[in-house]
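Printed here is model.cif (mmCIF, C-alpha atoms):
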data_input
loop_
_atom_site.label_atom_id
_atom_site.label_comp_id
_atom_site.auth_asym_id
_atom_site.auth_seq_id
_atom_site.Cartn_x
_atom_site.Cartn_y
_atom_site.Cartn_z
CA MET T 13 8.43 21.91 92.64
CA GLN T 14 8.77 25.04 94.72
CA SER T 15 8.26 24.70 98.52
CA TYR T 16 6.93 27.33 100.86
CA SER T 17 8.38 27.42 104.34
CA SER T 18 5.96 30.07 105.51
CA GLY T 19 2.99 27.71 105.00
CA GLY T 20 1.80 28.76 101.53
CA PRO T 21 2.49 30.81 98.39
CA THR T 22 2.37 34.56 98.47
CA ALA T 23 0.17 36.65 96.19
CA GLU T 24 3.19 37.34 93.96
CA ASP T 25 3.88 33.62 93.71
CA VAL T 26 0.29 32.95 92.68
CA ARG T 27 0.38 35.68 90.03
CA ARG T 28 3.64 34.37 88.58
CA MET T 29 2.29 30.80 88.48
CA ARG T 30 -0.85 31.93 86.67
CA GLU T 31 1.23 33.77 84.06
CA GLU T 32 3.33 30.67 83.46
CA ILE T 33 0.20 28.52 83.07
CA ALA T 34 -1.30 31.02 80.61
CA ARG T 35 1.88 31.08 78.51
CA ALA T 36 1.96 27.27 78.46
CA LYS T 37 -1.68 27.06 77.32
CA GLU T 38 -1.06 29.63 74.56
CA GLN T 39 1.94 27.68 73.33
CA ILE T 40 -0.10 24.46 73.26
CA ARG T 41 -2.87 26.21 71.28
CA VAL T 42 -0.38 27.56 68.73
CA ASN T 43 1.20 24.12 68.36
CA ASP T 44 -2.21 22.49 67.87
CA GLU T 45 -3.20 25.02 65.18
CA THR T 46 0.10 24.52 63.37
CA ILE T 47 -0.30 20.75 63.37
CA GLN T 48 -3.93 21.00 62.21
CA ASN T 49 -3.10 23.38 59.34
CA LEU T 50 -0.22 21.24 58.14
CA SER T 51 -2.38 18.13 58.34
CA GLN T 52 -5.12 19.69 56.19
CA MET T 53 -2.61 20.92 53.64
CA LEU T 54 -1.01 17.49 53.45
CA ALA T 55 -4.39 15.87 52.93
CA LEU T 56 -5.33 18.24 50.11
CA LYS T 57 -2.07 17.89 48.24
CA THR T 58 -1.56 14.96 45.87
CA VAL T 59 1.54 13.10 47.00
CA GLN T 60 2.61 11.95 43.54
CA GLY T 61 2.55 13.83 40.22
CA PRO T 62 2.71 17.54 39.43
CA PRO T 63 0.79 19.96 41.68
CA ALA T 64 -2.83 20.48 40.62
CA PRO T 65 -3.57 24.00 39.34
CA LEU T 66 -7.06 23.99 40.87
CA LEU T 67 -8.46 22.70 44.14
CA THR T 68 -11.63 20.79 43.24
CA PRO T 69 -14.79 20.76 45.42
CA GLN T 70 -14.46 16.98 45.74
CA ALA T 71 -10.98 17.30 47.26
CA TYR T 72 -12.10 20.17 49.46
CA PHE T 73 -15.21 18.53 50.92
CA HIS T 74 -13.94 14.93 50.94
CA PRO T 75 -10.21 14.91 51.86
CA PRO T 76 -8.51 11.52 52.28
CA PRO T 77 -8.21 10.33 55.90
CA LEU T 78 -5.06 11.27 57.80
CA PRO T 79 -2.69 8.46 58.84
CA ALA T 80 -2.60 7.82 62.56
CA PRO T 81 0.40 9.52 64.21
CA SER T 82 3.02 7.27 65.73
CA VAL T 83 3.63 8.09 69.38
CA ALA T 84 6.34 6.59 71.55
CA PRO T 85 4.98 4.29 74.25
CA LEU T 86 4.55 5.83 77.67
CA PRO T 87 6.87 4.56 80.40
CA PRO T 88 5.26 2.51 83.18
CA PRO T 89 5.00 3.85 86.73
CA SER T 90 8.11 3.28 88.86
CA ALA T 91 6.09 1.72 91.63
CA PRO T 92 2.50 0.48 92.09
CA ASN T 93 1.50 3.47 94.23
CA ALA T 94 3.70 6.05 92.52
CA LEU T 95 2.18 9.01 90.69
CA TYR T 96 2.32 8.59 86.93
CA GLN T 97 4.75 11.06 85.36
CA PRO T 98 4.35 11.38 81.55
CA SER T 99 7.37 11.96 79.37
CA TRP T 100 7.01 15.52 78.10
CA ASN T 101 9.79 14.93 75.56
CA THR T 102 7.59 12.50 73.60
CA THR T 103 6.20 14.19 70.44
CA PRO T 104 4.02 12.72 67.67
CA THR T 105 5.66 12.11 64.28
CA TYR T 106 3.94 12.49 60.90
CA PRO T 107 4.89 11.18 57.45
CA THR T 108 7.29 13.45 55.60
CA PRO T 109 5.69 14.85 52.41
CA LYS T 110 7.51 14.54 49.10
CA ASP T 111 6.52 18.08 48.21
CA SER T 112 7.96 21.16 49.81
CA THR T 113 5.99 23.68 51.86
CA ALA T 114 6.37 26.14 48.97
CA ASP T 115 4.58 23.72 46.65
CA LEU T 116 1.73 23.34 49.13
CA LEU T 117 1.21 27.09 49.22
CA ASN T 118 0.77 27.18 45.42
CA LEU T 119 -2.71 25.55 45.63
CA SER T 120 -5.25 27.78 43.90
CA ILE T 121 -8.89 28.43 44.90
CA PRO T 122 -11.55 29.19 42.21
CA LYS T 123 -12.59 32.80 41.95
CA GLY T 124 -15.77 33.42 43.85
CA GLY T 125 -15.14 30.60 46.31
CA ILE T 126 -15.70 26.86 46.19
CA PRO T 127 -19.15 25.93 44.79
CA PRO T 128 -21.40 23.88 47.12
CA LYS T 129 -21.85 20.19 46.56
CA GLU T 130 -24.78 19.36 44.28
CA PRO T 131 -27.64 17.78 46.27
CA SER T 132 -28.72 14.31 45.27
CA LYS T 133 -31.91 14.19 43.18
CA LYS T 134 -32.63 10.56 43.90
CA PRO T 135 -35.50 9.69 46.29
CA PRO T 136 -34.22 8.93 49.79
CA SER T 137 -33.81 5.22 50.43
CA SER T 138 -36.33 3.57 52.73
CA PRO T 139 -36.05 -0.21 52.89
CA ASP T 140 -39.34 -0.69 54.76
CA LYS T 141 -41.48 1.64 52.65
CA LEU T 142 -42.54 2.02 49.05
CA VAL T 143 -40.97 5.24 47.74
CA ILE T 144 -42.67 6.98 44.81
CA ASP T 145 -41.41 9.95 42.82
CA ILE T 146 -44.48 12.03 41.94
CA SER T 147 -42.95 13.10 38.62
CA GLN T 148 -42.99 9.43 37.53
CA PHE T 149 -46.35 8.42 38.99
CA PRO T 150 -48.92 7.09 38.20
CA LEU T 151 -47.36 4.73 35.67
CA ASP T 152 -50.30 2.59 34.55
CA ASP T 153 -51.88 3.71 31.30
CA PHE T 154 -55.54 3.00 32.09
CA SER T 155 -58.00 5.72 33.08
CA VAL T 156 -60.31 5.83 36.11
CA SER T 157 -63.84 7.23 36.27
CA LEU T 158 -65.64 8.62 39.30
CA SER T 159 -69.25 7.49 39.60
CA THR T 160 -72.01 9.85 40.66
CA PRO T 161 -71.91 9.95 44.49
CA GLU T 162 -74.83 8.59 46.46
CA LYS T 163 -75.91 10.18 49.72
CA ILE T 164 -76.48 7.58 52.44
CA GLY T 165 -76.75 9.80 55.53
CA GLU T 166 -75.88 12.99 57.38
CA PHE T 167 -74.78 14.19 60.79
CA SER T 168 -74.22 17.42 62.71
CA PHE T 169 -71.77 18.07 65.50
CA ARG T 170 -70.78 20.72 68.00
CA ASP T 171 -67.62 20.97 70.12
CA GLY T 172 -66.42 17.59 68.87
CA SER T 173 -69.62 15.65 69.66
CA LEU T 174 -72.49 14.44 67.51
CA LEU T 175 -75.78 16.27 67.90
CA GLU T 176 -78.92 14.19 68.40
CA THR T 177 -80.68 15.55 65.30
CA ALA T 178 -78.76 14.68 62.14
CA ASN T 179 -79.68 17.87 60.24
CA HIS T 180 -79.39 20.16 63.28
CA ALA T 181 -76.69 22.32 61.64
CA MET T 182 -78.11 22.27 58.09
CA ARG T 183 -78.67 25.74 56.62
CA TYR T 184 -80.58 26.92 53.53
CA LEU T 185 -79.66 29.83 51.27
CA LYS T 186 -82.06 32.73 51.81
CA ASP T 187 -84.44 33.62 49.00
CA HIS T 188 -83.40 37.29 49.26
CA LYS T 189 -80.02 38.85 49.91
CA PRO T 190 -79.42 40.61 53.25
CA ALA T 191 -78.59 44.28 53.64
CA PHE T 192 -75.01 45.20 52.70
CA PRO T 193 -72.36 45.86 53.87
CA ASN T 194 -72.28 43.19 56.55
CA ASP T 195 -69.55 43.29 59.23
CA LEU T 196 -67.90 39.84 59.30
CA ASN T 197 -65.71 40.66 62.31
CA HIS T 198 -68.50 41.56 64.69
CA GLY T 199 -68.17 39.45 67.86
CA ILE T 200 -64.82 37.89 66.96
CA ASP T 201 -63.40 38.73 70.40
CA GLN T 202 -65.87 36.28 71.99
CA TYR T 203 -65.22 33.52 69.47
CA HIS T 204 -63.42 30.45 70.84
CA PHE T 205 -61.54 28.71 68.06
CA THR T 206 -61.32 24.93 68.61
CA GLU T 207 -60.59 23.61 65.11
CA ASP T 208 -57.07 22.42 65.90
CA LYS T 209 -57.43 18.66 65.57
CA ASN T 210 -59.23 16.13 63.40
CA GLU T 211 -62.43 15.46 65.36
CA ARG T 212 -64.53 14.81 62.27
CA PHE T 213 -63.25 11.29 61.71
CA ASP T 214 -64.20 10.28 65.27
CA ASN T 215 -67.71 11.53 64.55
CA LEU T 216 -67.85 9.57 61.30
CA GLN T 217 -66.98 6.41 63.25
CA SER T 218 -69.74 7.20 65.75
CA TRP T 219 -72.23 7.78 62.94
CA ILE T 220 -71.45 4.37 61.36
CA GLN T 221 -71.67 2.70 64.75
CA ASN T 222 -74.99 4.34 65.66
CA ARG T 223 -76.72 3.54 62.34
CA ALA T 224 -75.79 -0.15 62.35
CA ASP T 225 -78.47 -2.65 63.33
CA TYR T 226 -77.60 -5.24 65.93
CA ASP T 227 -76.73 -7.99 63.45
CA ASP T 228 -75.25 -5.75 60.70
CA THR T 229 -71.70 -6.43 59.62
CA LEU T 230 -69.24 -3.57 59.11
CA HIS T 231 -69.43 -4.10 55.36
CA GLU T 232 -73.21 -3.72 55.47
CA SER T 233 -73.01 -0.67 57.75
CA THR T 234 -70.69 1.09 55.29
CA ASN T 235 -72.82 0.38 52.19
CA GLN T 236 -70.44 -2.32 50.92
CA SER T 237 -67.49 0.08 50.93
CA ASP T 238 -63.82 -0.82 50.62
CA PHE T 239 -62.52 2.41 52.20
CA VAL T 240 -63.81 4.91 54.78
CA CYS T 241 -62.43 8.45 55.19
CA LEU T 242 -63.23 12.16 54.98
CA ARG T 243 -63.53 13.95 51.66
CA GLY T 244 -60.43 15.96 52.57
CA THR T 245 -58.34 12.79 52.58
CA LEU T 246 -59.35 12.03 48.98
CA MET T 247 -58.47 15.62 48.06
CA ARG T 248 -54.97 15.13 49.52
CA PHE T 249 -54.41 12.07 47.32
CA ALA T 250 -55.52 14.01 44.23
CA GLU T 251 -53.55 17.22 44.91
CA PRO T 252 -50.72 16.54 42.40
CA ALA T 253 -53.36 16.66 39.63
CA LEU T 254 -54.94 19.94 40.84
CA ASP T 255 -54.16 23.58 40.09
CA SER T 256 -53.19 24.21 43.73
CA TRP T 257 -50.26 21.75 43.57
CA SER T 258 -47.55 24.35 42.95
CA LYS T 259 -48.59 26.20 46.13
CA ILE T 260 -48.92 23.24 48.47
CA CYS T 261 -46.39 20.70 47.18
CA SER T 262 -43.92 21.61 49.93
CA ARG T 263 -46.48 20.95 52.67
CA LYS T 264 -46.04 17.66 54.47
CA VAL T 265 -49.07 15.35 54.51
CA THR T 266 -49.36 12.32 56.79
CA ILE T 267 -52.29 9.90 56.55
CA HIS T 268 -52.65 6.63 58.43
CA ALA T 269 -54.60 3.55 57.36
CA THR T 270 -55.73 0.35 59.04
CA LYS T 271 -58.01 -2.53 58.13
CA VAL T 272 -61.01 -3.60 60.21
CA ASN T 273 -63.05 -6.60 58.98
CA ASP T 274 -61.73 -6.08 55.42
CA VAL T 275 -62.73 -2.40 55.38
CA ILE T 276 -59.82 0.08 55.22
CA PHE T 277 -60.07 3.24 57.32
CA LEU T 278 -57.98 6.32 56.47
CA MET T 279 -57.38 9.33 58.70
CA GLU T 280 -55.28 12.40 58.04
CA ARG T 281 -52.90 12.94 60.93
CA SER T 282 -51.96 16.57 60.27
CA TRP T 283 -54.89 18.99 60.37
CA TYR T 284 -54.49 22.33 58.63
CA HIS T 285 -57.18 24.35 60.39
CA THR T 286 -54.92 25.76 63.09
CA THR T 287 -55.33 28.81 65.27
CA SER T 288 -53.55 30.88 62.62
CA ARG T 289 -56.76 30.56 60.55
CA GLN T 290 -59.04 31.79 63.32
CA HIS T 291 -59.81 35.14 61.66
CA LEU T 292 -60.61 33.66 58.25
CA ASN T 293 -62.70 30.87 59.78
CA TYR T 294 -64.79 33.35 61.79
CA ASN T 295 -65.38 35.52 58.72
CA LYS T 296 -66.63 32.47 56.82
CA LEU T 297 -69.03 31.49 59.62
CA LYS T 298 -70.42 35.04 59.78
CA PHE T 299 -70.81 35.02 55.99
CA ILE T 300 -72.84 31.79 56.15
CA GLU T 301 -74.96 33.17 59.00
CA ALA T 302 -75.75 36.34 57.04
CA ILE T 303 -77.02 34.63 53.86
CA THR T 304 -78.81 31.54 55.27
CA ASP T 305 -81.73 30.38 57.38
CA SER T 306 -81.62 27.40 59.70
CA ALA T 307 -83.34 24.23 58.52
CA THR T 308 -84.48 23.54 62.11
CA TYR T 309 -85.94 26.79 63.47
CA HIS T 310 -87.16 25.38 66.77
CA MET T 311 -83.72 24.29 67.95
CA ASP T 312 -80.80 26.02 69.63
CA HIS T 313 -77.98 26.89 67.23
CA GLN T 314 -74.39 28.01 67.60
CA LEU T 315 -72.24 29.76 65.05
CA ASP T 316 -69.72 26.95 64.69
CA ASP T 317 -72.14 24.01 64.44
CA GLU T 318 -71.13 21.88 61.44
CA TYR T 319 -73.21 19.82 59.04
CA TYR T 320 -71.81 16.82 57.12
CA THR T 321 -73.28 14.68 54.40
CA VAL T 322 -72.16 11.04 54.12
CA MET T 323 -71.61 9.80 50.57
CA THR T 324 -70.40 6.73 48.73
CA ALA T 325 -68.75 6.81 45.30
CA ASP T 326 -67.08 4.23 43.10
CA PHE T 327 -63.68 4.64 41.46
CA VAL T 328 -63.90 2.53 38.31
CA PRO T 329 -60.72 1.69 36.36
CA HIS T 330 -61.03 1.06 32.63
CA ALA T 331 -58.82 -2.02 32.73
CA ASP T 332 -58.83 -5.70 33.60
CA PRO T 333 -61.38 -5.93 36.47
CA VAL T 334 -59.49 -8.86 38.00
CA LYS T 335 -56.18 -7.03 38.27
CA ASN T 336 -57.76 -3.62 38.84
CA PRO T 337 -61.06 -3.94 40.74
CA ARG T 338 -63.32 -0.99 41.36
CA PHE T 339 -63.13 0.63 44.80
CA ARG T 340 -66.11 1.96 46.73
CA VAL T 341 -65.31 4.73 49.20
CA LEU T 342 -67.56 5.99 51.99
CA TYR T 343 -66.67 9.53 53.01
CA ALA T 344 -68.10 12.47 54.95
CA ALA T 345 -68.01 15.96 53.46
CA LYS T 346 -68.77 19.27 55.12
CA VAL T 347 -71.61 21.23 53.48
CA ASP T 348 -71.77 24.96 54.24
CA LEU T 349 -75.33 25.43 52.99
CA ILE T 350 -77.94 24.05 50.59
CA ASP T 351 -79.73 25.87 47.79
CA ARG T 352 -83.36 24.99 48.48
CA LYS T 353 -84.39 25.69 44.88
CA THR T 354 -81.80 23.50 43.12
CA GLY T 355 -80.76 21.06 45.86
CA ASP T 356 -77.09 21.97 45.28
CA ARG T 357 -74.78 21.38 48.21
CA MET T 358 -72.89 24.66 48.36
CA ALA T 359 -69.40 25.62 49.51
CA VAL T 360 -68.70 29.19 50.63
CA LYS T 361 -65.55 30.87 49.34
CA PHE T 362 -64.11 34.38 49.31
CA ASN T 363 -63.31 36.19 46.06
CA SER T 364 -62.46 32.95 44.25
CA GLY T 365 -63.12 31.50 40.83
CA PHE T 366 -65.99 29.09 40.46
CA GLN T 367 -64.41 26.52 38.20
CA SER T 368 -60.89 25.81 39.45
CA LYS T 369 -59.86 22.15 39.38
CA THR T 370 -59.89 21.98 43.17
CA THR T 371 -63.41 23.44 43.37
CA GLN T 372 -64.64 21.09 40.64
CA LEU T 373 -63.31 17.99 42.39
CA GLN T 374 -64.72 19.09 45.74
CA GLY T 375 -68.06 19.61 44.05
CA ALA T 376 -67.91 16.33 42.11
CA LEU T 377 -67.56 14.42 45.38
CA VAL T 378 -70.85 15.89 46.73
CA ALA T 379 -72.74 16.39 43.46
CA PRO T 380 -75.03 18.12 42.77
CA SER T 381 -73.07 21.06 44.08
CA GLY T 382 -72.34 24.74 43.73
CA VAL T 383 -70.29 27.62 45.09
CA VAL T 384 -71.26 30.84 46.82
CA SER T 385 -68.49 33.41 46.35
CA GLY T 386 -68.44 36.45 48.59
CA ASP T 387 -67.05 39.87 47.73
CA VAL T 388 -65.35 41.03 50.94
CA ARG T 389 -63.65 44.39 51.45
CA ASP T 390 -62.07 45.57 54.69
CA GLY T 391 -63.79 42.79 56.63
CA HIS T 392 -67.26 43.62 55.26
CA LEU T 393 -69.40 41.51 52.95
CA ILE T 394 -70.34 43.74 50.01
CA ASP T 395 -72.14 41.19 47.83
CA TYR T 396 -72.12 37.53 46.81
CA SER T 397 -72.98 35.37 43.83
CA LYS T 398 -73.71 31.69 43.36
CA GLN T 399 -73.07 29.22 40.57
CA HIS T 400 -73.70 25.55 39.91
CA ILE T 401 -70.54 23.47 39.45
CA ASN T 402 -70.37 21.82 36.05
CA VAL T 403 -68.16 18.82 36.59
CA SER T 404 -65.80 18.05 33.70
CA GLU T 405 -64.25 14.64 33.10
CA ARG T 406 -61.16 16.52 32.01
CA VAL T 407 -60.72 17.33 35.73
CA THR T 408 -62.26 14.32 37.47
CA LYS T 409 -60.46 11.58 35.50
CA PRO T 410 -56.87 12.66 36.33
CA SER T 411 -57.91 13.26 39.94
CA ALA T 412 -59.75 9.94 40.18
CA LYS T 413 -56.68 8.24 38.71
CA TRP T 414 -54.43 9.62 41.44
CA ILE T 415 -56.91 8.69 44.18
CA TYR T 416 -57.31 5.17 42.81
CA GLU T 417 -53.57 4.54 42.46
CA VAL T 418 -52.82 5.66 46.04
CA LEU T 419 -55.72 3.63 47.47
CA ASP T 420 -54.50 0.61 45.50
CA GLU T 421 -50.96 0.92 46.90
CA ILE T 422 -52.27 1.27 50.47
CA LYS T 423 -54.53 -1.75 49.99
CA LYS T 424 -51.62 -3.85 48.65
CA GLN T 425 -49.59 -2.97 51.73
CA LEU T 426 -52.40 -3.86 54.15
CA ASP T 427 -53.30 -7.08 52.31
CA ASN T 428 -49.82 -8.41 53.14
CA LEU T 429 -50.02 -7.46 56.84
CA PRO T 430 -52.09 -8.78 59.76
CA GLU T 431 -55.42 -7.04 60.23
CA GLY T 432 -55.10 -4.11 62.59
CA THR T 433 -51.62 -3.16 61.38
CA LEU T 434 -51.08 0.54 60.81
CA VAL T 435 -49.81 1.78 57.42
CA GLU T 436 -48.54 5.32 56.90
CA PHE T 437 -48.86 7.47 53.77
CA GLU T 438 -46.40 10.35 53.86
CA ARG T 439 -45.94 12.96 51.16
CA GLU T 440 -43.31 15.68 51.33
CA GLY T 441 -42.25 17.62 48.28
CA GLU T 442 -42.16 15.35 45.24
CA ILE T 443 -41.72 12.15 47.25
CA ILE T 444 -44.41 9.75 48.54
CA LYS T 445 -43.66 7.01 51.05
CA ILE T 446 -46.11 4.23 51.92
CA GLY T 447 -45.27 1.57 54.47
CA LYS T 448 -45.84 -0.01 57.85
CA CYS T 449 -46.03 2.30 60.88
CA THR T 450 -44.81 0.88 64.20
CA ASP T 451 -45.73 3.93 66.31
CA THR T 452 -48.70 2.68 68.35
CA SER T 453 -49.56 6.23 69.45
CA ARG T 454 -50.76 6.83 65.88
CA ARG T 455 -53.68 4.42 66.20
CA PHE T 456 -56.94 6.25 65.57
CA MET T 457 -59.83 3.75 65.68
CA LYS T 458 -62.20 4.10 68.64
CA MET T 459 -62.20 1.15 71.01
CA SER T 460 -66.02 1.15 71.22
CA PHE T 461 -66.15 0.93 67.41
CA LEU T 462 -63.76 -2.03 67.29
CA LYS T 463 -65.71 -3.85 70.01
CA ARG T 464 -69.00 -3.28 68.19
CA PHE T 465 -67.79 -4.78 64.91
CA LYS T 466 -65.45 -7.40 66.33
CA ARG T 467 -65.89 -10.73 64.52
#

Would you mind writing the structure in this file as structure tokens?
Amino acid sequence: MQSYSSGGPTAEDVRRMREEIARAKEQIRVNDETIQNLSQMLALKTVQGPPAPLLTPQAYFHPPPLPAPSVAPLPPPSAPNALYQPSWNTTPTYPTPKDSTADLLNLSIPKGGIPPKEPSKKPPSSPDKLVIDISQFPLDDFSVSLSTPEKIGEFSFRDGSLLETANHAMRYLKDHKPAFPNDLNHGIDQYHFTEDKNERFDNLQSWIQNRADYDDTLHESTNQSDFVCLRGTLMRFAEPALDSWSKICSRKVTIHATKVNDVIFLMERSWYHTTSRQHLNYNKLKFIEAITDSATYHMDHQLDDEYYTVMTADFVPHADPVKNPRFRVLYAAKVDLIDRKTGDRMAVKFNSGFQSKTTQLQGALVAPSGVVSGDVRDGHLIDYSKQHINVSERVTKPSAKWIYEVLDEIKKQLDNLPEGTLVEFEREGEIIKIGKCTDTSRRFMKMSFLKRFKR
């Protein structure tokens, strides 16, 4: 090591030392690259037999592991307090290949590059969950019928809370059409969009809790139902049988279920009405306002008040009733308006067909029902038409089958778990997973509800 009698290195000394360090680092980098390239070539080359004419994707993406290099042992320090000085003459040694470097360079690559590895088409393994491939489900050969729904109640809510009068937000279709065109964007700057989470299920719990007499059991308060949910949850289960499946199959759906006093509650975790739908949602509310009258004239109303009808319907399998019992489901469904003349519960849509499978199933779950379709151009309502929904078994039976099969699988899972356990239904692409959920933050039942119906 160089010493400096003047007390320290000069600027020239420092420059020269930096150059030497840079040259040493560059040499180390070159040596490392050389070793790495030779190692990869050795791994790709078959040790025995003639050289392969083509490098296969399997050999390229999954080379055999390299043998560990043998390195001479490092000498021990000369004294306990001495600085450790490594032996710079020690170099790693690698196995000598039987083939020459010239042979290694003769490896050929397919024209156009190496094709990517084919992805696996098998459903991902999940030891704790039932995994279902939609293309192979449902498997049972019996059919399922949907009974005519029965209305058992109604509720209205605003800003996430129930309103005191159940039909506060109910609206009737006007006897005469309004003047056209009607600006559906008027006032949108003052509209506060809050539909970003699932508040409807909380209100359904409150409605059940409020209607129950003091000594009523939960089963009695739900009209002897086996399941409780929103209509939208049933629609999610039926989506593979609907005409909208090709558009929404890639969308992830997560629904949680739990059992309370032998009644299973289902709530959709992901809620699709996000702020990105603010414009469309406002246009729909203005459309409803333009063509309806309030059912309660003497009360204060807001544009985004919502009215729900509470229904029960039976899903009846045509099979052995012991192995495949019927399921009764209590659900709440949003109703945009009611045709006073026919009693149809109407849904408002824009420029859409009346009789799509999705529309028919939505209508079948709140029958009698209908659709009001608006003709909108450049944000203005030009005209609208209405039509009664004629429910066809050709649509309802496949949908009811899907709903029944999923409910049955969820029930089987919960029947084998302690009451209060959370089960998760997850659908992504063509794969469904149903199994126990250990994330306690996903619990959705209200504490006041559980206390009220505690055994």

Neighbouring residues of Leu349 (chain T) were defined as those with any atom within 7 Å, considering only C-alpha atoms; residues of the same chain fewer than 3 positions away were excluded. Please report them as a PyMOL selection string. chain T and resi 182-185+357-359

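Here CA of His231 (chain T) is placed at a distance of 21.7 Å from CA of Pro329 (chain T).
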
Run the PyMOL selection byres ((chain T and resi 401) around 6) against the file shown and list the residues it catches, as a short mmCIF file (atom, residue, chain, number, x, y, z; two decimals) with C-alpha atoms, in the coordinates of the input.
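Below you can see out_1.cif, which holds the result:
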data_model
loop_
_atom_site.label_atom_id
_atom_site.label_comp_id
_atom_site.auth_asym_id
_atom_site.auth_seq_id
_atom_site.Cartn_x
_atom_site.Cartn_y
_atom_site.Cartn_z
CA SER T 381 -73.07 21.06 44.08
CA GLY T 382 -72.34 24.74 43.73
CA HIS T 400 -73.70 25.55 39.91
CA ASN T 402 -70.37 21.82 36.05
CA VAL T 403 -68.16 18.82 36.59
#

What is the CA of Lys186 (chain T)-CA of Ile350 (chain T) distance in Å, reported with one decimal? 9.7 Å

List the residues matched by the PyMOL selection byres ((chain T and resi 411) around 9) in the displayed structure as a ChimeraX atom specification, ordered by chain and then by residue number. /T:156,247,249-254,373,407-410,412-416

Take the selection from the previous step and output its residues with C-alpha atoms, as a PDB file, keeping the file's coordinate frame.
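out-v2.pdb written:
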ATOM      1  CA  VAL T 156     -60.310   5.830  36.110  1.00  0.00           C
ATOM      2  CA  MET T 247     -58.470  15.620  48.060  1.00  0.00           C
ATOM      3  CA  PHE T 249     -54.410  12.070  47.320  1.00  0.00           C
ATOM      4  CA  ALA T 250     -55.520  14.010  44.230  1.00  0.00           C
ATOM      5  CA  GLU T 251     -53.550  17.220  44.910  1.00  0.00           C
ATOM      6  CA  PRO T 252     -50.720  16.540  42.400  1.00  0.00           C
ATOM      7  CA  ALA T 253     -53.360  16.660  39.630  1.00  0.00           C
ATOM      8  CA  LEU T 254     -54.940  19.940  40.840  1.00  0.00           C
ATOM      9  CA  LEU T 373     -63.310  17.990  42.390  1.00  0.00           C
ATOM     10  CA  VAL T 407     -60.720  17.330  35.730  1.00  0.00           C
ATOM     11  CA  THR T 408     -62.260  14.320  37.470  1.00  0.00           C
ATOM     12  CA  LYS T 409     -60.460  11.580  35.500  1.00  0.00           C
ATOM     13  CA  PRO T 410     -56.870  12.660  36.330  1.00  0.00           C
ATOM     14  CA  ALA T 412     -59.750   9.940  40.180  1.00  0.00           C
ATOM     15  CA  LYS T 413     -56.680   8.240  38.710  1.00  0.00           C
ATOM     16  CA  TRP T 414     -54.430   9.620  41.440  1.00  0.00           C
ATOM     17  CA  ILE T 415     -56.910   8.690  44.180  1.00  0.00           C
ATOM     18  CA  TYR T 416     -57.310   5.170  42.810  1.00  0.00           C
TER      19      TYR T 416
END

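Here CA of Arg223 (chain T) is placed at a distance of 13.0 Å from CA of Thr177 (chain T).
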
Any chance you could work out the residue set of the PyMOL selection byres ((chain T and resi 331) around 10) here, as a list in words?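 Output from the PyMOL selection byres ((chain T and resi 331) around 10), applied to this file: Asp152, Asp153, Phe154, Ser155, Val156, Val328, Pro329, His330, Asp332, Pro333, Val334, Lys335, Asn336, Pro337 and Arg338 of chain T.
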
Report, as lines of an AutoDock Vina configuration file, the axis-aligned box around all atoms of region 156-172 of chain T present in the file, extended by 4 Å on each side; give centre and edge lengths in Å to one decimal place.
center_x = -68.5
center_y = 13.4
center_z = 53.1
size_x = 24.4
size_y = 23.1
size_z = 42.0

Using all atoms listed in the file, pick whichever of T:Ser397, T:Thr354, T:Ser404, T:Asn222 has the shortest atom-to-atom distance to Thr371 (chain T).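 The closest residue to Thr371 (chain T) is T:Ser404.
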
So which residues touch Phe327 (chain T) within 6 Å, counting only C-alpha atoms, skipping near sequence neighbours fewer than 6 positions away, as a list in words? Ser157, Leu158, Arg338 and Phe339 of chain T

Using all atoms listed in the file, which protein or nucleic acid residues come within 12 Å of Lys423 (chain T)? Drop anything in the same chain fewer than 5 positions from it, and give the result as a compact mmCIF listing (two decimals) with C-alpha atoms, in the coordinates of the input.
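File written: result33.txt
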# COMPACT_ATOMS: atom_id res chain seq x y z
CA ASP T 238 -63.82 -0.82 50.62
CA PHE T 239 -62.52 2.41 52.20
CA ALA T 269 -54.60 3.55 57.36
CA THR T 270 -55.73 0.35 59.04
CA LYS T 271 -58.01 -2.53 58.13
CA ASP T 274 -61.73 -6.08 55.42
CA VAL T 275 -62.73 -2.40 55.38
CA ILE T 276 -59.82 0.08 55.22
CA PHE T 277 -60.07 3.24 57.32
CA LEU T 278 -57.98 6.32 56.47
CA ASN T 336 -57.76 -3.62 38.84
CA PRO T 337 -61.06 -3.94 40.74
CA PHE T 339 -63.13 0.63 44.80
CA TYR T 416 -57.31 5.17 42.81
CA GLU T 417 -53.57 4.54 42.46
CA VAL T 418 -52.82 5.66 46.04
CA ASN T 428 -49.82 -8.41 53.14
CA LEU T 429 -50.02 -7.46 56.84
CA GLU T 431 -55.42 -7.04 60.23
CA THR T 433 -51.62 -3.16 61.38
CA LEU T 434 -51.08 0.54 60.81
CA VAL T 435 -49.81 1.78 57.42
CA GLU T 436 -48.54 5.32 56.90
CA PHE T 437 -48.86 7.47 53.77
CA ILE T 446 -46.11 4.23 51.92
CA GLY T 447 -45.27 1.57 54.47
CA LYS T 448 -45.84 -0.01 57.85

Neighbourhood query: residues within 12 Å of (-69.5, 14.0, 45.5), file coordinates, counting only C-alpha atoms; return as a ChimeraX atom specification. /T:158-164,242-244,246-247,321-327,341-347,356-358,371-382,401,403,408,412
